[in-house]
$ cat run.tsv   # TSV, C-alpha atoms and all ligand atoms
chain	number	residue	atom	x	y	z
A	121	MET	CA	0.00	0.00	0.00
A	122	LYS	CA	1.30	3.46	-0.88
A	123	PHE	CA	0.71	6.41	1.44
A	124	ALA	CA	1.05	10.01	0.28
A	125	ILE	CA	2.12	11.93	3.40
A	126	PHE	CA	2.00	15.69	3.04
A	127	GLY	CA	1.73	18.81	5.17
A	128	ASP	CA	2.55	22.49	5.60
A	129	ILE	CA	0.23	23.16	2.69
A	130	HIS	CA	-0.33	26.69	3.96
A	131	SER	CA	-3.22	27.53	1.65
A	132	ASN	CA	-1.17	26.96	-1.51
A	133	LEU	CA	-3.84	25.41	-3.72
A	134	HIS	CA	-1.68	25.15	-6.84
A	135	ALA	CA	1.02	23.22	-4.97
A	136	LEU	CA	-1.52	20.95	-3.24
A	137	GLU	CA	-3.23	20.03	-6.51
A	138	ALA	CA	0.14	19.24	-8.13
A	139	VAL	CA	1.14	17.01	-5.21
A	140	LEU	CA	-2.14	15.10	-5.17
A	141	ALA	CA	-1.96	14.55	-8.94
A	142	ASP	CA	1.58	13.21	-8.63
A	143	ALA	CA	0.56	10.89	-5.78
A	144	GLU	CA	-2.33	9.55	-7.81
A	145	ASN	CA	-0.09	8.96	-10.85
A	146	LEU	CA	2.26	6.95	-8.66
A	147	GLY	CA	-0.52	4.76	-7.29
A	148	CYS	CA	-0.96	6.20	-3.79
A	149	THR	CA	-4.30	5.06	-2.40
A	150	GLN	CA	-3.89	6.43	1.15
A	151	HIS	CA	-3.38	9.98	2.31
A	152	VAL	CA	-2.06	11.43	5.56
A	153	CYS	CA	-2.02	15.15	6.35
A	154	MET	CA	0.65	16.52	8.68
A	155	GLY	CA	-1.11	19.82	9.49
A	156	ASP	CA	-0.63	23.51	8.76
A	157	ILE	CA	-3.30	23.34	6.10
A	158	VAL	CA	-3.79	27.13	6.32
A	159	GLY	CA	-1.70	30.29	6.73
A	160	TYR	CA	0.61	32.37	4.49
A	161	ASN	CA	-0.96	31.78	1.05
A	162	ALA	CA	-4.24	32.70	-0.65
A	163	PHE	CA	-6.52	29.63	-0.66
A	164	PRO	CA	-7.32	28.52	2.91
A	165	CYS	CA	-10.92	27.40	2.31
A	166	GLU	CA	-10.10	25.56	-0.91
A	167	CYS	CA	-7.19	23.66	0.67
A	168	LEU	CA	-9.23	22.87	3.76
A	169	ALA	CA	-12.08	21.52	1.59
A	170	ILE	CA	-9.69	19.23	-0.29
A	171	VAL	CA	-8.19	17.81	2.91
A	172	ARG	CA	-11.61	17.34	4.48
A	173	ASP	CA	-12.82	15.57	1.32
A	174	LEU	CA	-9.86	13.18	1.46
A	175	ASP	CA	-11.14	12.19	4.91
A	176	CYS	CA	-7.64	11.07	5.87
A	177	PRO	CA	-5.75	10.96	9.18
A	178	THR	CA	-4.71	14.57	9.91
A	179	VAL	CA	-2.83	16.18	12.78
A	180	LYS	CA	-3.01	19.81	13.89
A	181	GLY	CA	-0.33	22.34	13.00
A	182	ASN	CA	0.42	25.56	14.87
A	183	HIS	CA	-1.13	27.67	12.09
A	184	ASP	CA	-4.26	25.51	12.16
A	185	GLU	CA	-4.47	26.10	15.89
A	186	GLN	CA	-3.93	29.86	15.61
A	187	ALA	CA	-6.43	30.18	12.74
A	188	SER	CA	-9.06	28.35	14.78
A	189	MET	CA	-8.83	30.84	17.66
A	190	ALA	CA	-10.38	34.29	17.88
A	191	ILE	CA	-6.96	35.92	18.26
A	192	SER	CA	-3.40	34.63	18.11
A	193	GLN	CA	-1.97	33.42	21.41
A	194	GLU	CA	1.70	33.12	20.61
A	195	GLY	CA	4.17	35.57	19.17
A	196	LEU	CA	4.34	34.55	15.54
A	197	ASN	CA	6.45	36.52	13.07
A	198	PRO	CA	4.64	39.58	11.63
A	199	LEU	CA	4.23	38.02	8.16
A	200	ALA	CA	2.62	34.90	9.61
A	201	GLU	CA	0.44	37.03	11.87
A	202	GLU	CA	-0.84	39.20	9.03
A	203	ALA	CA	-1.68	36.14	6.92
A	204	LEU	CA	-3.41	34.50	9.90
A	205	ASP	CA	-5.61	37.54	10.53
A	206	TRP	CA	-6.59	37.44	6.86
A	207	THR	CA	-7.18	33.67	7.02
A	208	ARG	CA	-9.32	33.87	10.16
A	209	ASP	CA	-11.66	36.32	8.45
A	210	ARG	CA	-12.24	33.87	5.61
A	211	LEU	CA	-12.86	30.67	7.54
A	212	ALA	CA	-16.46	29.78	8.40
A	213	PRO	CA	-17.26	28.82	12.01
A	214	ASP	CA	-17.47	25.11	11.12
A	215	GLU	CA	-14.10	25.29	9.36
A	216	ARG	CA	-12.50	26.85	12.44
A	217	GLN	CA	-14.13	24.23	14.61
A	218	TRP	CA	-12.85	21.41	12.39
A	219	LEU	CA	-9.31	22.79	12.70
A	220	ARG	CA	-9.69	23.23	16.48
A	221	GLU	CA	-10.74	19.61	16.93
A	222	LEU	CA	-7.77	18.12	15.09
A	223	ARG	CA	-5.58	15.91	17.23
A	224	ILE	CA	-1.96	16.80	18.01
A	225	GLN	CA	-0.62	13.30	17.50
A	226	ARG	CA	-1.94	10.08	15.99
A	227	GLN	CA	-0.92	6.57	15.13
A	228	VAL	CA	-1.75	5.40	11.61
A	229	ARG	CA	-1.26	1.63	11.17
A	230	ASP	CA	2.27	1.11	12.54
A	231	PHE	CA	3.57	4.66	12.30
A	232	THR	CA	3.12	7.89	14.27
A	233	ILE	CA	2.30	11.34	12.93
A	234	VAL	CA	2.84	14.66	14.72
A	235	HIS	CA	3.29	18.15	13.28
A	236	ALA	CA	6.26	19.37	15.34
A	237	THR	CA	7.95	16.96	17.81
A	238	LEU	CA	7.01	13.99	19.99
A	239	ASP	CA	8.82	15.30	23.09
A	240	THR	CA	6.81	18.53	23.39
A	241	PRO	CA	4.10	18.32	20.70
A	242	HIS	CA	2.01	21.20	22.11
A	243	LYS	CA	4.95	23.59	22.28
A	244	TRP	CA	5.67	23.47	18.56
A	245	GLY	CA	9.43	23.02	18.92
A	246	TYR	CA	11.55	22.51	15.81
A	247	ILE	CA	13.63	19.45	14.92
A	248	THR	CA	16.58	20.96	13.07
A	249	ASN	CA	19.48	18.68	14.10
A	250	GLN	CA	20.37	15.28	15.55
A	251	LEU	CA	20.03	16.54	19.12
A	252	ASP	CA	16.45	17.70	18.53
A	253	ALA	CA	15.73	14.42	16.76
A	254	ALA	CA	17.15	12.43	19.69
A	255	ALA	CA	14.74	14.17	22.08
A	256	SER	CA	11.78	13.26	19.89
A	257	PHE	CA	13.03	9.69	19.36
A	258	SER	CA	12.92	9.08	23.12
A	259	TYR	CA	9.10	9.42	22.96
A	260	GLN	CA	8.72	7.45	19.72
A	261	LEU	CA	7.12	4.06	20.35
A	262	THR	CA	6.72	3.10	16.68
A	263	GLY	CA	9.58	2.31	14.31
A	264	LEU	CA	8.56	5.15	12.04
A	265	CYS	CA	7.37	8.68	12.76
A	266	PHE	CA	6.55	11.49	10.35
A	267	VAL	CA	6.79	15.22	11.20
A	268	GLY	CA	6.61	18.57	9.38
A	269	HIS	CA	6.84	22.13	10.77
A	270	THR	CA	10.38	23.12	9.68
A	271	HIS	CA	9.42	23.03	5.98
A	272	VAL	CA	12.74	21.27	5.33
A	273	PRO	CA	12.60	17.59	4.27
A	274	ARG	CA	14.99	15.40	6.22
A	275	ALA	CA	15.39	11.83	7.50
A	276	TYR	CA	16.91	10.80	10.83
A	277	MET	CA	17.72	7.23	11.81
A	278	ARG	CA	18.44	5.92	15.30
A	279	ASN	CA	20.31	2.75	16.08
A	280	ALA	CA	23.24	3.23	18.49
A	281	THR	CA	23.29	6.95	17.67
A	282	VAL	CA	21.09	9.38	15.79
A	283	GLN	CA	22.23	10.24	12.30
A	284	THR	CA	20.90	12.04	9.26
A	285	VAL	CA	20.32	9.74	6.29
A	286	ALA	CA	19.45	10.33	2.64
A	287	HIS	CA	15.75	11.11	2.28
A	288	ASP	CA	15.15	11.04	-1.46
A	289	GLN	CA	15.00	7.23	-1.40
A	290	LEU	CA	15.29	5.30	1.85
A	291	SER	CA	14.87	1.58	2.63
A	292	ILE	CA	13.61	0.92	6.14
A	293	GLN	CA	15.83	-1.52	8.04
A	294	PRO	CA	14.49	-3.58	10.95
A	295	ASN	CA	15.49	-2.77	14.54
A	296	ARG	CA	16.06	0.90	13.77
A	297	LYS	CA	13.87	3.91	14.29
A	298	TYR	CA	13.20	6.55	11.69
A	299	LEU	CA	11.99	10.14	11.99
A	300	ILE	CA	11.01	11.62	8.65
A	301	ASN	CA	10.32	15.28	7.97
A	302	VAL	CA	8.15	15.31	4.84
A	303	GLY	CA	8.95	18.95	3.95
A	304	SER	CA	6.33	21.49	2.91
A	305	VAL	CA	3.78	21.42	0.10
A	306	GLY	CA	3.07	25.13	0.06
A	307	GLN	CA	6.14	26.98	1.34
A	308	PRO	CA	9.39	24.96	1.15
A	309	ARG	CA	12.35	26.53	2.99
A	310	ASP	CA	15.32	24.49	1.83
A	311	GLY	CA	16.11	26.64	-1.20
A	312	ASP	CA	14.12	24.44	-3.59
A	313	TRP	CA	10.82	26.09	-4.63
A	314	ARG	CA	9.14	22.82	-5.66
A	315	ALA	CA	6.46	21.30	-3.42
A	316	SER	CA	7.72	18.56	-1.11
A	317	TYR	CA	5.87	15.47	0.10
A	318	CYS	CA	6.61	11.88	1.04
A	319	ILE	CA	5.56	8.50	-0.33
A	320	HIS	CA	5.69	5.60	2.09
A	321	ASP	CA	5.36	2.19	0.42
A	322	THR	CA	4.38	-0.24	3.18
A	323	ASP	CA	4.95	-3.36	1.02
A	324	GLU	CA	8.42	-2.36	-0.14
A	325	GLN	CA	9.22	-0.66	3.20
A	326	THR	CA	10.54	2.42	1.46
A	327	ILE	CA	10.32	6.15	2.03
A	328	SER	CA	10.85	8.70	-0.71
A	329	ILE	CA	10.61	12.47	-0.66
A	330	ARG	CA	9.34	13.86	-3.93
A	331	ARG	CA	9.71	17.41	-5.30
A	332	ILE	CA	6.93	18.57	-7.56
A	333	PRO	CA	6.86	21.68	-9.76
A	334	TYR	CA	3.61	23.67	-9.75
A	335	ASP	CA	2.20	26.89	-11.20
A	336	ILE	CA	4.09	29.21	-8.88
A	337	ALA	CA	3.21	32.36	-10.89
A	338	ALA	CA	-0.50	31.71	-10.32
A	339	ALA	CA	0.05	31.13	-6.60
A	340	GLN	CA	2.05	34.38	-6.35
A	341	GLN	CA	-0.52	36.40	-8.31
A	342	ALA	CA	-3.31	35.20	-6.01
A	343	ILE	CA	-1.32	36.39	-2.96
A	344	LEU	CA	-0.92	39.85	-4.52
A	345	ASP	CA	-4.56	39.98	-5.67
A	346	GLU	CA	-5.72	39.29	-2.10
A	347	GLY	CA	-3.53	42.06	-0.71
A	348	LEU	CA	-1.41	39.68	1.35
A	349	PRO	CA	2.21	40.78	2.00
A	350	ARG	CA	4.31	40.82	-1.21
A	351	LYS	CA	7.11	39.05	0.65
A	352	LEU	CA	4.89	35.96	0.91
A	353	ALA	CA	4.74	35.81	-2.89
A	354	ALA	CA	8.46	36.51	-3.33
A	355	ARG	CA	9.64	33.84	-0.90
A	356	LEU	CA	7.87	31.05	-2.82
A	357	ALA	CA	10.22	31.53	-5.76
A	358	VAL	CA	13.36	31.12	-3.66
A	359	GLY	CA	12.11	28.36	-1.38
A	360	ARG	CA	12.69	30.32	1.85
A	401	ZN	ZN	4.17	25.29	8.66
$ encode --input "run.tsv" --output "structure tokens"
Amino acid sequence: MKFAIFGDIHSNLHALEAVLADAENLGCTQHVCMGDIVGYNAFPCECLAIVRDLDCPTVKGNHDEQASMAISQEGLNPLAEEALDWTRDRLAPDERQWLRELRIQRQVRDFTIVHATLDTPHKWGYITNQLDAAASFSYQLTGLCFVGHTHVPRAYMRNATVQTVAHDQLSIQPNRKYLINVGSVGQPRDGDWRASYCIHDTDEQTISIRRIPYDIAAAQQAILDEGLPRKLAARLAVGR
């Protein structure tokens, strides 16, 4: 069975549609959403409708949480804050409620999904190095865990120590634990503008991160048309 595991969509409809089309072409029959469906870009309701229609296991991201509240409760950066205010105004009460009721962490078959980290999932910490990964691994009861949040795809493996391993194509070995950051559909930050998501083949026991081109000009134009900050359009092109 092939799972398409994707998150940090951030209201980028063009990127989401490209990712789902690629996943379908490659025979993915299962979907998993890693959260941060909304924020930053111009199509929150459309992206939310697609994820709700997929009816797939989904965990809550920090932007989902903030968008579901009346006002922001944590000090986000000003760009994120401005986009969240705009997003909140567009979401219907039932959409905000759906986001609010998302779970922080879930188990899907034999793997775990959480937006940020397993050690402090409600605090939205970032896993950016082996030390951060080690902290999360100590709460990981399954062999495999998927995360998002940093918008940078990466794979960590733990046997005697925690190390970073290649994430473009990875074969899962027994008696080791893996922590996979699936990257971001709608706002990658690793210098590559293409949408990032992960395919997990449960028969072959493989993980692969895919990078998918999409109509970035259309996504940027929509941001400008809605009066969202110009920087949010510009950053898509540089993958930052
Ligand atoms: Zn995010």
$ residues_around --input "run.tsv" --residues "Cys318 (chain A)" --least-positions-apart "4" --cutoff "9 Å" --atoms "all atoms listed in the file" --output "ChimeraX atom specification"
/A:123-126,273,288,300-303,327-331
$ closest_residue --input "run.tsv" --among "A:Ala203, A:Ala236, A:Val228, A:Ile129" --to "Ile343 (chain A)" --atoms "all atoms listed in the file"
A:Ala203
$ closest_atom_pairs --input "run.tsv" --of "chain A" --to "ligand ZN 401 (chain A)" --cutoff "10 Å" --atoms "only C-alpha atoms and all ligand atoms" --output "JSON lines"
{"residue": "A:Gly127", "atom": "CA", "partner": "A:ZN401", "partner_atom": "ZN", "distance": 7.8}
{"residue": "A:Asp128", "atom": "CA", "partner": "A:ZN401", "partner_atom": "ZN", "distance": 4.5}
{"residue": "A:Ile129", "atom": "CA", "partner": "A:ZN401", "partner_atom": "ZN", "distance": 7.5}
{"residue": "A:His130", "atom": "CA", "partner": "A:ZN401", "partner_atom": "ZN", "distance": 6.7}
{"residue": "A:Met154", "atom": "CA", "partner": "A:ZN401", "partner_atom": "ZN", "distance": 9.5}
{"residue": "A:Gly155", "atom": "CA", "partner": "A:ZN401", "partner_atom": "ZN", "distance": 7.6}
{"residue": "A:Asp156", "atom": "CA", "partner": "A:ZN401", "partner_atom": "ZN", "distance": 5.1}
{"residue": "A:Ile157", "atom": "CA", "partner": "A:ZN401", "partner_atom": "ZN", "distance": 8.1}
{"residue": "A:Val158", "atom": "CA", "partner": "A:ZN401", "partner_atom": "ZN", "distance": 8.5}
{"residue": "A:Gly159", "atom": "CA", "partner": "A:ZN401", "partner_atom": "ZN", "distance": 7.9}
{"residue": "A:Tyr160", "atom": "CA", "partner": "A:ZN401", "partner_atom": "ZN", "distance": 9.0}
{"residue": "A:Gly181", "atom": "CA", "partner": "A:ZN401", "partner_atom": "ZN", "distance": 6.9}
{"residue": "A:Asn182", "atom": "CA", "partner": "A:ZN401", "partner_atom": "ZN", "distance": 7.3}
{"residue": "A:His183", "atom": "CA", "partner": "A:ZN401", "partner_atom": "ZN", "distance": 6.7}
{"residue": "A:Asp184", "atom": "CA", "partner": "A:ZN401", "partner_atom": "ZN", "distance": 9.1}
{"residue": "A:Ala200", "atom": "CA", "partner": "A:ZN401", "partner_atom": "ZN", "distance": 9.8}
{"residue": "A:His235", "atom": "CA", "partner": "A:ZN401", "partner_atom": "ZN", "distance": 8.5}
{"residue": "A:Ala236", "atom": "CA", "partner": "A:ZN401", "partner_atom": "ZN", "distance": 9.2}
{"residue": "A:Gly268", "atom": "CA", "partner": "A:ZN401", "partner_atom": "ZN", "distance": 7.2}
{"residue": "A:His269", "atom": "CA", "partner": "A:ZN401", "partner_atom": "ZN", "distance": 4.6}
{"residue": "A:Thr270", "atom": "CA", "partner": "A:ZN401", "partner_atom": "ZN", "distance": 6.7}
{"residue": "A:His271", "atom": "CA", "partner": "A:ZN401", "partner_atom": "ZN", "distance": 6.3}
{"residue": "A:Gly303", "atom": "CA", "partner": "A:ZN401", "partner_atom": "ZN", "distance": 9.2}
{"residue": "A:Ser304", "atom": "CA", "partner": "A:ZN401", "partner_atom": "ZN", "distance": 7.2}
{"residue": "A:Val305", "atom": "CA", "partner": "A:ZN401", "partner_atom": "ZN", "distance": 9.4}
{"residue": "A:Gly306", "atom": "CA", "partner": "A:ZN401", "partner_atom": "ZN", "distance": 8.7}
{"residue": "A:Gln307", "atom": "CA", "partner": "A:ZN401", "partner_atom": "ZN", "distance": 7.8}
{"residue": "A:Pro308", "atom": "CA", "partner": "A:ZN401", "partner_atom": "ZN", "distance": 9.2}
$ atom_distance --input "run.tsv" --atom1 "CA of Tyr334 (chain A)" --atom2 "CA of Asp312 (chain A)"
12.2 Å
$ residues_near_point --input "run.tsv" --point "(12.2, 31.0, -5.9)" --cutoff "10 Å" --atoms "all atoms listed in the file" --output "VMD selection string"
chain A and resid 308 to 309 311 to 314 336 353 to 360
$ atom_distance --input "run.tsv" --atom1 "CA of Asp230 (chain A)" --atom2 "CA of Ser258 (chain A)"
17.0 Å
$ residues_near_point --input "run.tsv" --point "(-9.6, 38.0, 18.9)" --cutoff "12 Å" --atoms "only C-alpha atoms" --output "list in words"
Gln186, Ala187, Ser188, Met189, Ala190, Ile191, Ser192, Gln193, Leu204, Asp205, Arg208 and Asp209 of chain A
$ atom_distance --input "run.tsv" --atom1 "CA of Glu215 (chain A)" --atom2 "CA of Ile170 (chain A)"
12.2 Å
$ closest_residue --input "run.tsv" --among "A:Thr149, A:Gln225, A:Ser256, A:Asn132" --to "Asp239 (chain A)" --atoms "all atoms listed in the file"
A:Ser256
$ build_atoms --input "run.tsv" --residues "region 268-279 of chain A" --atoms "all heavy atoms" --output "PDB file, in the frame of the given file"
ATOM      1  N   GLY A 268       6.523  17.477  10.355  1.00  0.00           N
ATOM      2  CA  GLY A 268       6.610  18.570   9.380  1.00  0.00           C
ATOM      3  C   GLY A 268       7.228  19.767  10.081  1.00  0.00           C
ATOM      4  O   GLY A 268       8.249  19.648  10.749  1.00  0.00           O
ATOM      5  N   HIS A 269       6.592  20.941   9.959  1.00  0.00           N
ATOM      6  CA  HIS A 269       6.840  22.130  10.770  1.00  0.00           C
ATOM      7  C   HIS A 269       8.065  22.948  10.364  1.00  0.00           C
ATOM      8  O   HIS A 269       7.985  24.167  10.342  1.00  0.00           O
ATOM      9  CB  HIS A 269       6.937  21.726  12.249  1.00  0.00           C
ATOM     10  CG  HIS A 269       6.811  22.850  13.229  1.00  0.00           C
ATOM     11  ND1 HIS A 269       5.904  23.885  13.076  1.00  0.00           N
ATOM     12  CD2 HIS A 269       7.467  23.104  14.392  1.00  0.00           C
ATOM     13  CE1 HIS A 269       6.027  24.717  14.104  1.00  0.00           C
ATOM     14  NE2 HIS A 269       6.963  24.272  14.903  1.00  0.00           N
ATOM     15  N   THR A 270       9.209  22.311  10.068  1.00  0.00           N
ATOM     16  CA  THR A 270      10.380  23.120   9.680  1.00  0.00           C
ATOM     17  C   THR A 270      10.338  23.500   8.206  1.00  0.00           C
ATOM     18  O   THR A 270      11.089  24.377   7.769  1.00  0.00           O
ATOM     19  CB  THR A 270      11.707  22.355   9.904  1.00  0.00           C
ATOM     20  OG1 THR A 270      11.730  21.218   9.041  1.00  0.00           O
ATOM     21  CG2 THR A 270      11.858  21.905  11.340  1.00  0.00           C
ATOM     22  N   HIS A 271       9.508  22.810   7.431  1.00  0.00           N
ATOM     23  CA  HIS A 271       9.420  23.030   5.980  1.00  0.00           C
ATOM     24  C   HIS A 271      10.701  22.589   5.264  1.00  0.00           C
ATOM     25  O   HIS A 271      10.971  23.024   4.145  1.00  0.00           O
ATOM     26  CB  HIS A 271       9.105  24.491   5.624  1.00  0.00           C
ATOM     27  CG  HIS A 271       7.789  24.977   6.141  1.00  0.00           C
ATOM     28  ND1 HIS A 271       7.115  26.034   5.567  1.00  0.00           N
ATOM     29  CD2 HIS A 271       7.008  24.557   7.175  1.00  0.00           C
ATOM     30  CE1 HIS A 271       5.986  26.252   6.236  1.00  0.00           C
ATOM     31  NE2 HIS A 271       5.905  25.376   7.223  1.00  0.00           N
ATOM     32  N   VAL A 272      11.503  21.780   5.925  1.00  0.00           N
ATOM     33  CA  VAL A 272      12.740  21.270   5.330  1.00  0.00           C
ATOM     34  C   VAL A 272      12.694  19.731   5.385  1.00  0.00           C
ATOM     35  O   VAL A 272      12.692  19.159   6.477  1.00  0.00           O
ATOM     36  CB  VAL A 272      13.979  21.777   6.108  1.00  0.00           C
ATOM     37  CG1 VAL A 272      15.254  21.134   5.580  1.00  0.00           C
ATOM     38  CG2 VAL A 272      14.075  23.289   6.026  1.00  0.00           C
ATOM     39  N   PRO A 273      12.653  19.056   4.233  1.00  0.00           N
ATOM     40  CA  PRO A 273      12.600  17.590   4.270  1.00  0.00           C
ATOM     41  C   PRO A 273      13.914  17.009   4.791  1.00  0.00           C
ATOM     42  O   PRO A 273      14.998  17.505   4.450  1.00  0.00           O
ATOM     43  CB  PRO A 273      12.386  17.207   2.791  1.00  0.00           C
ATOM     44  CG  PRO A 273      12.872  18.367   2.005  1.00  0.00           C
ATOM     45  CD  PRO A 273      12.675  19.581   2.859  1.00  0.00           C
ATOM     46  N   ARG A 274      13.788  15.982   5.617  1.00  0.00           N
ATOM     47  CA  ARG A 274      14.990  15.400   6.220  1.00  0.00           C
ATOM     48  C   ARG A 274      14.636  14.026   6.805  1.00  0.00           C
ATOM     49  O   ARG A 274      13.494  13.790   7.182  1.00  0.00           O
ATOM     50  CB  ARG A 274      15.507  16.305   7.332  1.00  0.00           C
ATOM     51  CG  ARG A 274      16.925  15.996   7.752  1.00  0.00           C
ATOM     52  CD  ARG A 274      17.544  17.147   8.496  1.00  0.00           C
ATOM     53  NE  ARG A 274      17.945  18.227   7.608  1.00  0.00           N
ATOM     54  CZ  ARG A 274      18.420  19.396   8.029  1.00  0.00           C
ATOM     55  NH1 ARG A 274      18.532  19.660   9.310  1.00  0.00           N
ATOM     56  NH2 ARG A 274      18.789  20.316   7.164  1.00  0.00           N
ATOM     57  N   ALA A 275      15.619  13.147   6.879  1.00  0.00           N
ATOM     58  CA  ALA A 275      15.390  11.830   7.500  1.00  0.00           C
ATOM     59  C   ALA A 275      16.459  11.585   8.558  1.00  0.00           C
ATOM     60  O   ALA A 275      17.651  11.786   8.308  1.00  0.00           O
ATOM     61  CB  ALA A 275      15.447  10.740   6.435  1.00  0.00           C
ATOM     62  N   TYR A 276      16.007  11.175   9.748  1.00  0.00           N
ATOM     63  CA  TYR A 276      16.910  10.800  10.830  1.00  0.00           C
ATOM     64  C   TYR A 276      16.700   9.322  11.126  1.00  0.00           C
ATOM     65  O   TYR A 276      15.576   8.832  11.089  1.00  0.00           O
ATOM     66  CB  TYR A 276      16.621  11.592  12.111  1.00  0.00           C
ATOM     67  CG  TYR A 276      16.777  13.085  11.963  1.00  0.00           C
ATOM     68  CD1 TYR A 276      15.677  13.884  11.666  1.00  0.00           C
ATOM     69  CD2 TYR A 276      18.015  13.698  12.137  1.00  0.00           C
ATOM     70  CE1 TYR A 276      15.804  15.261  11.536  1.00  0.00           C
ATOM     71  CE2 TYR A 276      18.153  15.071  12.015  1.00  0.00           C
ATOM     72  CZ  TYR A 276      17.045  15.843  11.714  1.00  0.00           C
ATOM     73  OH  TYR A 276      17.183  17.197  11.593  1.00  0.00           O
ATOM     74  N   MET A 277      17.804   8.631  11.439  1.00  0.00           N
ATOM     75  CA  MET A 277      17.720   7.230  11.810  1.00  0.00           C
ATOM     76  C   MET A 277      18.405   7.052  13.156  1.00  0.00           C
ATOM     77  O   MET A 277      19.443   7.659  13.409  1.00  0.00           O
ATOM     78  CB  MET A 277      18.445   6.376  10.751  1.00  0.00           C
ATOM     79  CG  MET A 277      18.383   4.884  11.026  1.00  0.00           C
ATOM     80  SD  MET A 277      19.390   3.966   9.845  1.00  0.00           S
ATOM     81  CE  MET A 277      21.033   4.315  10.468  1.00  0.00           C
ATOM     82  N   ARG A 278      17.788   6.215  14.015  1.00  0.00           N
ATOM     83  CA  ARG A 278      18.440   5.920  15.300  1.00  0.00           C
ATOM     84  C   ARG A 278      18.722   4.433  15.402  1.00  0.00           C
ATOM     85  O   ARG A 278      17.809   3.623  15.281  1.00  0.00           O
ATOM     86  CB  ARG A 278      17.549   6.342  16.473  1.00  0.00           C
ATOM     87  CG  ARG A 278      18.278   6.200  17.814  1.00  0.00           C
ATOM     88  CD  ARG A 278      17.432   6.620  18.985  1.00  0.00           C
ATOM     89  NE  ARG A 278      16.604   5.505  19.446  1.00  0.00           N
ATOM     90  CZ  ARG A 278      15.856   5.541  20.553  1.00  0.00           C
ATOM     91  NH1 ARG A 278      15.778   6.655  21.284  1.00  0.00           N
ATOM     92  NH2 ARG A 278      15.151   4.505  20.908  1.00  0.00           N
ATOM     93  N   ASN A 279      19.976   4.085  15.557  1.00  0.00           N
ATOM     94  CA  ASN A 279      20.310   2.750  16.080  1.00  0.00           C
ATOM     95  C   ASN A 279      21.140   2.989  17.333  1.00  0.00           C
ATOM     96  O   ASN A 279      20.555   3.300  18.364  1.00  0.00           O
ATOM     97  CB  ASN A 279      20.940   1.813  15.030  1.00  0.00           C
ATOM     98  CG  ASN A 279      22.072   2.445  14.220  1.00  0.00           C
ATOM     99  OD1 ASN A 279      22.470   3.575  14.468  1.00  0.00           O
ATOM    100  ND2 ASN A 279      22.592   1.706  13.281  1.00  0.00           N
TER     101      ASN A 279
END
